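Structure first, then comments.
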Amino acid sequence: FLESLILNKTVILKFGKDKQDKYDRTLAYVYINSRNINLELVENGFANYYFPSGRDVYYEDFLTAWKICIENNVNLCKKSVNACSSCTKLEDPYTLKNTCSFSCDINNWRLKSEGRDKIILTDRAFNSGEELKFNLNLTATGDTVFLWDEKNKLVLWKQY
């Protein structure tokens, strides 16, 4: 998708507050003419939104793009059809709870924050009413937590 948008084209990089994140990755908005390519990646489900330096002037645009992705049910935003997806909840950014009336197989489910934090859940039963605690490294400026099932379908996402 990205290649079809930018390959062999001149792009303009617009930097926000920081030019690099703590992992030395370049942080820039990629533009072709007036098109924000980063925004199109999120809207089409090829990326989730991420603001490592804190929310900036584009935050609301990216949140809207993510919501459009959810509505369109595409790629990273494709909704899980797993029976446990409708009753698995985030109580807070660090606690996942099974509110189902039955146990769930959550083998290979992925819990991820906006940054590089990613937890792959192991082969175990997630019993009805059980809570699982996690140690995610969330930013002080707010963060979003995502949960995908074993088929990489979106179970939930929540902003903090």
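Residues in the structure tokens are numbered from 1 in each chain, the chains being A, B, ... in the order shown, and ligands are numbered from 1 in the order shown.
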DSSP on the backbone, then: every residue of range 18-158 of chain A marked alpha helix (DSSP H), written as a list of chain:residue names.
A:Ile37, A:Asn38, A:Leu39, A:Glu40, A:Leu41, A:Val42, A:Glu43, A:Tyr59, A:Glu60, A:Asp61, A:Phe62, A:Leu63, A:Thr64, A:Ala65, A:Trp66, A:Lys67, A:Ile68, A:Cys69, A:Ile70, A:Glu71, A:Asn72
With N, CA and C atoms retained, export the selected residues as a short mmCIF file (atom, residue, chain, number, x, y, z; two decimals), in the first residue's frame.
data_model
loop_
_atom_site.label_atom_id
_atom_site.label_comp_id
_atom_site.auth_asym_id
_atom_site.auth_seq_id
_atom_site.Cartn_x
_atom_site.Cartn_y
_atom_site.Cartn_z
N ILE A 37 0.40 11.08 4.17
CA ILE A 37 0.49 9.63 3.90
C ILE A 37 0.33 8.84 5.19
N ASN A 38 0.88 9.35 6.30
CA ASN A 38 0.73 8.67 7.59
C ASN A 38 -0.75 8.48 7.92
N LEU A 39 -1.52 9.52 7.69
CA LEU A 39 -2.95 9.50 7.97
C LEU A 39 -3.66 8.44 7.12
N GLU A 40 -3.26 8.35 5.86
CA GLU A 40 -3.86 7.35 4.97
C GLU A 40 -3.52 5.92 5.40
N LEU A 41 -2.30 5.73 5.93
CA LEU A 41 -1.93 4.40 6.43
C LEU A 41 -2.83 3.99 7.59
N VAL A 42 -3.10 4.92 8.50
CA VAL A 42 -3.97 4.62 9.65
C VAL A 42 -5.40 4.38 9.18
N GLU A 43 -5.90 5.26 8.35
CA GLU A 43 -7.29 5.15 7.87
C GLU A 43 -7.55 3.83 7.16
N TYR A 59 -3.29 15.06 16.30
CA TYR A 59 -3.85 13.94 17.08
C TYR A 59 -5.30 13.64 16.71
N GLU A 60 -6.14 14.65 16.70
CA GLU A 60 -7.57 14.43 16.41
C GLU A 60 -7.77 13.86 15.01
N ASP A 61 -6.96 14.29 14.05
CA ASP A 61 -7.05 13.75 12.68
C ASP A 61 -6.73 12.25 12.67
N PHE A 62 -5.72 11.87 13.43
CA PHE A 62 -5.33 10.46 13.48
C PHE A 62 -6.35 9.62 14.24
N LEU A 63 -6.92 10.18 15.29
CA LEU A 63 -7.97 9.47 16.02
C LEU A 63 -9.17 9.26 15.12
N THR A 64 -9.54 10.27 14.36
CA THR A 64 -10.65 10.15 13.41
C THR A 64 -10.34 9.10 12.34
N ALA A 65 -9.10 9.10 11.84
CA ALA A 65 -8.70 8.11 10.83
C ALA A 65 -8.81 6.70 11.40
N TRP A 66 -8.40 6.51 12.67
CA TRP A 66 -8.50 5.20 13.31
C TRP A 66 -9.96 4.79 13.43
N LYS A 67 -10.83 5.71 13.79
CA LYS A 67 -12.26 5.40 13.91
C LYS A 67 -12.87 5.05 12.56
N ILE A 68 -12.42 5.70 11.50
CA ILE A 68 -12.87 5.35 10.14
C ILE A 68 -12.42 3.93 9.81
N CYS A 69 -11.20 3.60 10.16
CA CYS A 69 -10.67 2.25 9.95
C CYS A 69 -11.55 1.23 10.68
N ILE A 70 -11.90 1.53 11.93
CA ILE A 70 -12.76 0.64 12.72
C ILE A 70 -14.12 0.46 12.02
N GLU A 71 -14.70 1.57 11.58
CA GLU A 71 -16.00 1.51 10.89
C GLU A 71 -15.92 0.68 9.62
N ASN A 72 -14.79 0.82 8.90
CA ASN A 72 -14.61 0.09 7.63
C ASN A 72 -14.19 -1.36 7.84
#
Please identify the strand (DSSP E) residues within chain A (assignment by DSSP from backbone atoms) and present them as an mmCIF file with C-alpha atoms, in the first residue's frame.
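Saved file result_10.cif follows:
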data_model
loop_
_atom_site.group_PDB
_atom_site.id
_atom_site.type_symbol
_atom_site.label_atom_id
_atom_site.label_comp_id
_atom_site.auth_asym_id
_atom_site.auth_seq_id
_atom_site.Cartn_x
_atom_site.Cartn_y
_atom_site.Cartn_z
ATOM 1 C CA ILE A 12 8.150 16.080 2.075
ATOM 2 C CA LEU A 13 8.869 15.231 5.701
ATOM 3 C CA LYS A 14 7.295 17.433 8.365
ATOM 4 C CA TYR A 29 4.768 13.126 8.786
ATOM 5 C CA VAL A 30 5.180 12.119 5.145
ATOM 6 C CA TYR A 31 3.450 14.328 2.606
ATOM 7 C CA ILE A 32 2.961 14.153 -1.125
ATOM 8 C CA ARG A 35 -1.766 14.397 1.258
ATOM 9 C CA ASN A 36 -0.698 13.177 4.687
ATOM 10 C CA THR A 88 -12.977 -9.364 27.349
ATOM 11 C CA LYS A 89 -12.455 -5.922 28.894
ATOM 12 C CA LEU A 90 -9.638 -3.641 29.949
ATOM 13 C CA GLU A 91 -10.403 -2.609 33.519
ATOM 14 C CA ASP A 92 -7.482 -0.167 33.411
ATOM 15 C CA THR A 95 -5.690 -5.236 33.794
ATOM 16 C CA LEU A 96 -7.517 -7.485 31.349
ATOM 17 C CA LYS A 97 -10.722 -9.077 32.655
ATOM 18 C CA ASN A 98 -12.835 -11.974 31.389
ATOM 19 C CA CYS A 104 -11.678 -18.337 27.022
ATOM 20 C CA ASP A 105 -8.723 -19.667 25.083
ATOM 21 C CA ARG A 110 -1.465 -9.884 21.517
ATOM 22 C CA LEU A 111 -1.688 -6.931 23.880
ATOM 23 C CA LYS A 112 0.144 -3.842 22.620
ATOM 24 C CA SER A 113 0.621 -0.239 23.644
ATOM 25 C CA LYS A 118 3.878 -6.127 23.041
ATOM 26 C CA ILE A 119 2.738 -9.033 25.169
ATOM 27 C CA ILE A 120 1.809 -12.331 23.569
ATOM 28 C CA ALA A 125 -7.448 -20.804 30.071
ATOM 29 C CA PHE A 126 -8.725 -17.332 30.889
ATOM 30 C CA GLU A 131 -8.190 -10.698 35.832
ATOM 31 C CA LEU A 132 -4.731 -10.684 34.239
ATOM 32 C CA LYS A 133 -2.236 -7.974 35.202
ATOM 33 C CA THR A 144 -3.646 3.620 23.658
ATOM 34 C CA VAL A 145 -3.756 -0.114 24.366
ATOM 35 C CA PHE A 146 -4.730 -2.562 21.626
ATOM 36 C CA LEU A 147 -5.704 -6.241 21.907
ATOM 37 C CA TRP A 148 -5.747 -8.599 18.908
ATOM 38 C CA LEU A 154 -9.038 -6.512 16.801
ATOM 39 C CA VAL A 155 -10.639 -7.432 20.119
ATOM 40 C CA LEU A 156 -10.474 -3.982 21.671
ATOM 41 C CA TRP A 157 -8.624 -0.705 21.901
ATOM 42 C CA LYS A 158 -8.802 1.899 24.610
ATOM 43 C CA GLN A 159 -7.233 5.329 25.110
#
Select, from A:Asn8, A:Asn75, A:Thr122, A:Ser86, the residue with the minimum atom-to-atom distance to Lys153 in chain A, counting only C-alpha atoms.
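Of A:Asn8, A:Asn75, A:Thr122, A:Ser86, the one nearest Lys153 in chain A, counting only C-alpha atoms, is A:Asn75.
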Residue nearest Asn82 in chain A - candidates A:Tyr58, A:Phe134, A:Trp109, A:Tyr160, atoms counted: only C-alpha atoms:
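The closest residue to Asn82 in chain A is A:Trp109.
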Contacts of Asp143 in chain A within 10 Å, only C-alpha atoms, excl. fewer than 6 positions in-chain, as number ranges by chain
A: 49-52, 54-55, 93, 113-115, 137, 158-160
Go ahead and write the selection's residues with all heavy atoms as a short mmCIF file (atom, residue, chain, number, x, y, z; two decimals), in the first residue's frame.
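Full text of part-v7.cif as output:
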data_model
loop_
_atom_site.label_atom_id
_atom_site.label_comp_id
_atom_site.auth_asym_id
_atom_site.auth_seq_id
_atom_site.Cartn_x
_atom_site.Cartn_y
_atom_site.Cartn_z
N TYR A 49 -2.27 4.58 15.20
CA TYR A 49 -1.73 5.90 15.50
C TYR A 49 -0.81 5.82 16.71
O TYR A 49 -0.97 4.99 17.58
CB TYR A 49 -2.84 6.93 15.70
CG TYR A 49 -3.79 6.66 16.83
CD1 TYR A 49 -3.65 7.34 18.04
CD2 TYR A 49 -4.83 5.75 16.70
CE1 TYR A 49 -4.52 7.11 19.09
CE2 TYR A 49 -5.71 5.52 17.75
CZ TYR A 49 -5.54 6.20 18.93
OH TYR A 49 -6.40 5.97 19.97
N TYR A 50 0.18 6.70 16.74
CA TYR A 50 1.23 6.63 17.75
C TYR A 50 1.81 8.03 17.94
O TYR A 50 2.26 8.65 16.99
CB TYR A 50 2.31 5.65 17.25
CG TYR A 50 3.55 5.53 18.10
CD1 TYR A 50 3.47 5.41 19.48
CD2 TYR A 50 4.80 5.49 17.51
CE1 TYR A 50 4.62 5.27 20.25
CE2 TYR A 50 5.95 5.35 18.27
CZ TYR A 50 5.85 5.24 19.64
OH TYR A 50 6.97 5.11 20.39
N PHE A 51 1.79 8.53 19.16
CA PHE A 51 2.30 9.85 19.47
C PHE A 51 3.29 9.76 20.64
O PHE A 51 2.96 10.08 21.77
CB PHE A 51 1.14 10.81 19.82
CG PHE A 51 0.34 11.17 18.61
CD1 PHE A 51 -0.71 10.38 18.18
CD2 PHE A 51 0.65 12.29 17.87
CE1 PHE A 51 -1.44 10.69 17.06
CE2 PHE A 51 -0.06 12.62 16.72
CZ PHE A 51 -1.11 11.82 16.32
N PRO A 52 4.53 9.31 20.37
CA PRO A 52 5.49 9.10 21.44
C PRO A 52 5.91 10.37 22.17
O PRO A 52 6.33 10.32 23.31
CB PRO A 52 6.69 8.47 20.72
CG PRO A 52 6.56 8.93 19.32
CD PRO A 52 5.09 9.02 19.06
N GLY A 54 3.84 12.81 22.80
CA GLY A 54 2.61 13.43 23.30
C GLY A 54 1.73 13.87 22.15
O GLY A 54 2.17 13.98 21.01
N ARG A 55 0.51 14.11 22.45
CA ARG A 55 -0.46 14.52 21.43
C ARG A 55 -0.05 15.86 20.82
O ARG A 55 0.40 16.75 21.51
CB ARG A 55 -1.85 14.62 22.05
CG ARG A 55 -2.32 13.27 22.54
CD ARG A 55 -3.64 13.37 23.26
NE ARG A 55 -4.00 12.04 23.76
CZ ARG A 55 -5.05 11.79 24.48
NH1 ARG A 55 -5.89 12.75 24.81
NH2 ARG A 55 -5.30 10.56 24.88
N PRO A 93 -5.39 0.34 32.20
CA PRO A 93 -4.38 0.02 31.19
C PRO A 93 -3.56 -1.23 31.48
O PRO A 93 -2.86 -1.72 30.61
CB PRO A 93 -3.48 1.25 31.16
CG PRO A 93 -4.08 2.26 32.02
CD PRO A 93 -5.18 1.64 32.81
N SER A 113 0.80 -1.68 23.44
CA SER A 113 0.62 -0.24 23.64
C SER A 113 1.08 0.46 22.36
O SER A 113 1.52 -0.18 21.41
CB SER A 113 1.42 0.23 24.85
OG SER A 113 2.80 0.12 24.60
N GLU A 114 0.98 1.79 22.34
CA GLU A 114 1.36 2.52 21.13
C GLU A 114 2.82 2.31 20.74
O GLU A 114 3.15 2.30 19.57
CB GLU A 114 1.12 4.02 21.32
CG GLU A 114 -0.33 4.40 21.30
CD GLU A 114 -0.52 5.88 21.48
OE1 GLU A 114 0.35 6.68 21.12
OE2 GLU A 114 -1.57 6.26 22.03
N GLY A 115 3.68 2.16 21.70
CA GLY A 115 5.10 1.99 21.42
C GLY A 115 5.45 0.57 21.08
O GLY A 115 4.68 -0.15 20.45
N ASN A 137 4.58 -0.28 29.44
CA ASN A 137 5.33 0.95 29.65
C ASN A 137 4.60 2.10 28.95
O ASN A 137 4.95 2.48 27.84
CB ASN A 137 6.75 0.78 29.11
CG ASN A 137 7.64 1.93 29.47
OD1 ASN A 137 7.33 2.71 30.37
ND2 ASN A 137 8.73 2.05 28.76
N LYS A 158 -8.33 0.93 23.62
CA LYS A 158 -8.80 1.90 24.61
C LYS A 158 -7.72 2.95 24.84
O LYS A 158 -6.56 2.63 24.99
CB LYS A 158 -9.14 1.19 25.92
CG LYS A 158 -9.89 2.05 26.89
CD LYS A 158 -10.44 1.21 28.01
CE LYS A 158 -11.23 2.10 28.97
NZ LYS A 158 -11.81 1.34 30.07
N GLN A 159 -8.14 4.21 24.85
CA GLN A 159 -7.23 5.33 25.11
C GLN A 159 -7.14 5.58 26.59
O GLN A 159 -8.13 5.47 27.32
CB GLN A 159 -7.77 6.59 24.46
CG GLN A 159 -7.86 6.55 22.97
CD GLN A 159 -8.57 7.78 22.48
OE1 GLN A 159 -9.78 7.84 22.52
NE2 GLN A 159 -7.79 8.74 22.02
N TYR A 160 -5.94 5.98 27.03
CA TYR A 160 -5.70 6.36 28.43
C TYR A 160 -5.01 7.69 28.47
O TYR A 160 -4.40 8.12 27.57
CB TYR A 160 -4.88 5.29 29.14
CG TYR A 160 -5.65 4.02 29.31
CD1 TYR A 160 -5.49 2.96 28.43
CD2 TYR A 160 -6.58 3.88 30.35
CE1 TYR A 160 -6.22 1.80 28.57
CE2 TYR A 160 -7.32 2.73 30.48
CZ TYR A 160 -7.14 1.69 29.60
OH TYR A 160 -7.86 0.54 29.74
#
With distances taken over only C-alpha atoms, which of A:Asn107, A:Ser53, A:Asn48, A:Asn127 is nearest to Lys22 in chain A?
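Closest to Lys22 in chain A, using only C-alpha atoms: A:Ser53.
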Which residue, A:Val81, A:Asp56, A:Ser101, A:Gly45, has the smallest gap to Asp18 in chain A when you use only C-alpha atoms?
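Looking at the shortest contact to Asp18 in chain A, the residue is A:Asp56.
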Which residue is closest to Glu150 in chain A? Choose from A:Asn73, A:Glu130, A:Leu138, A:Ile106 and count only C-alpha atoms.
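Answer, going by the shortest atom-to-atom distance: A:Ile106.
For the choices A:Cys87, A:Leu27, A:Val57, A:Leu136, the atom-to-atom distance to Phe15 in chain A is smallest for A:Leu27 when using only C-alpha atoms.
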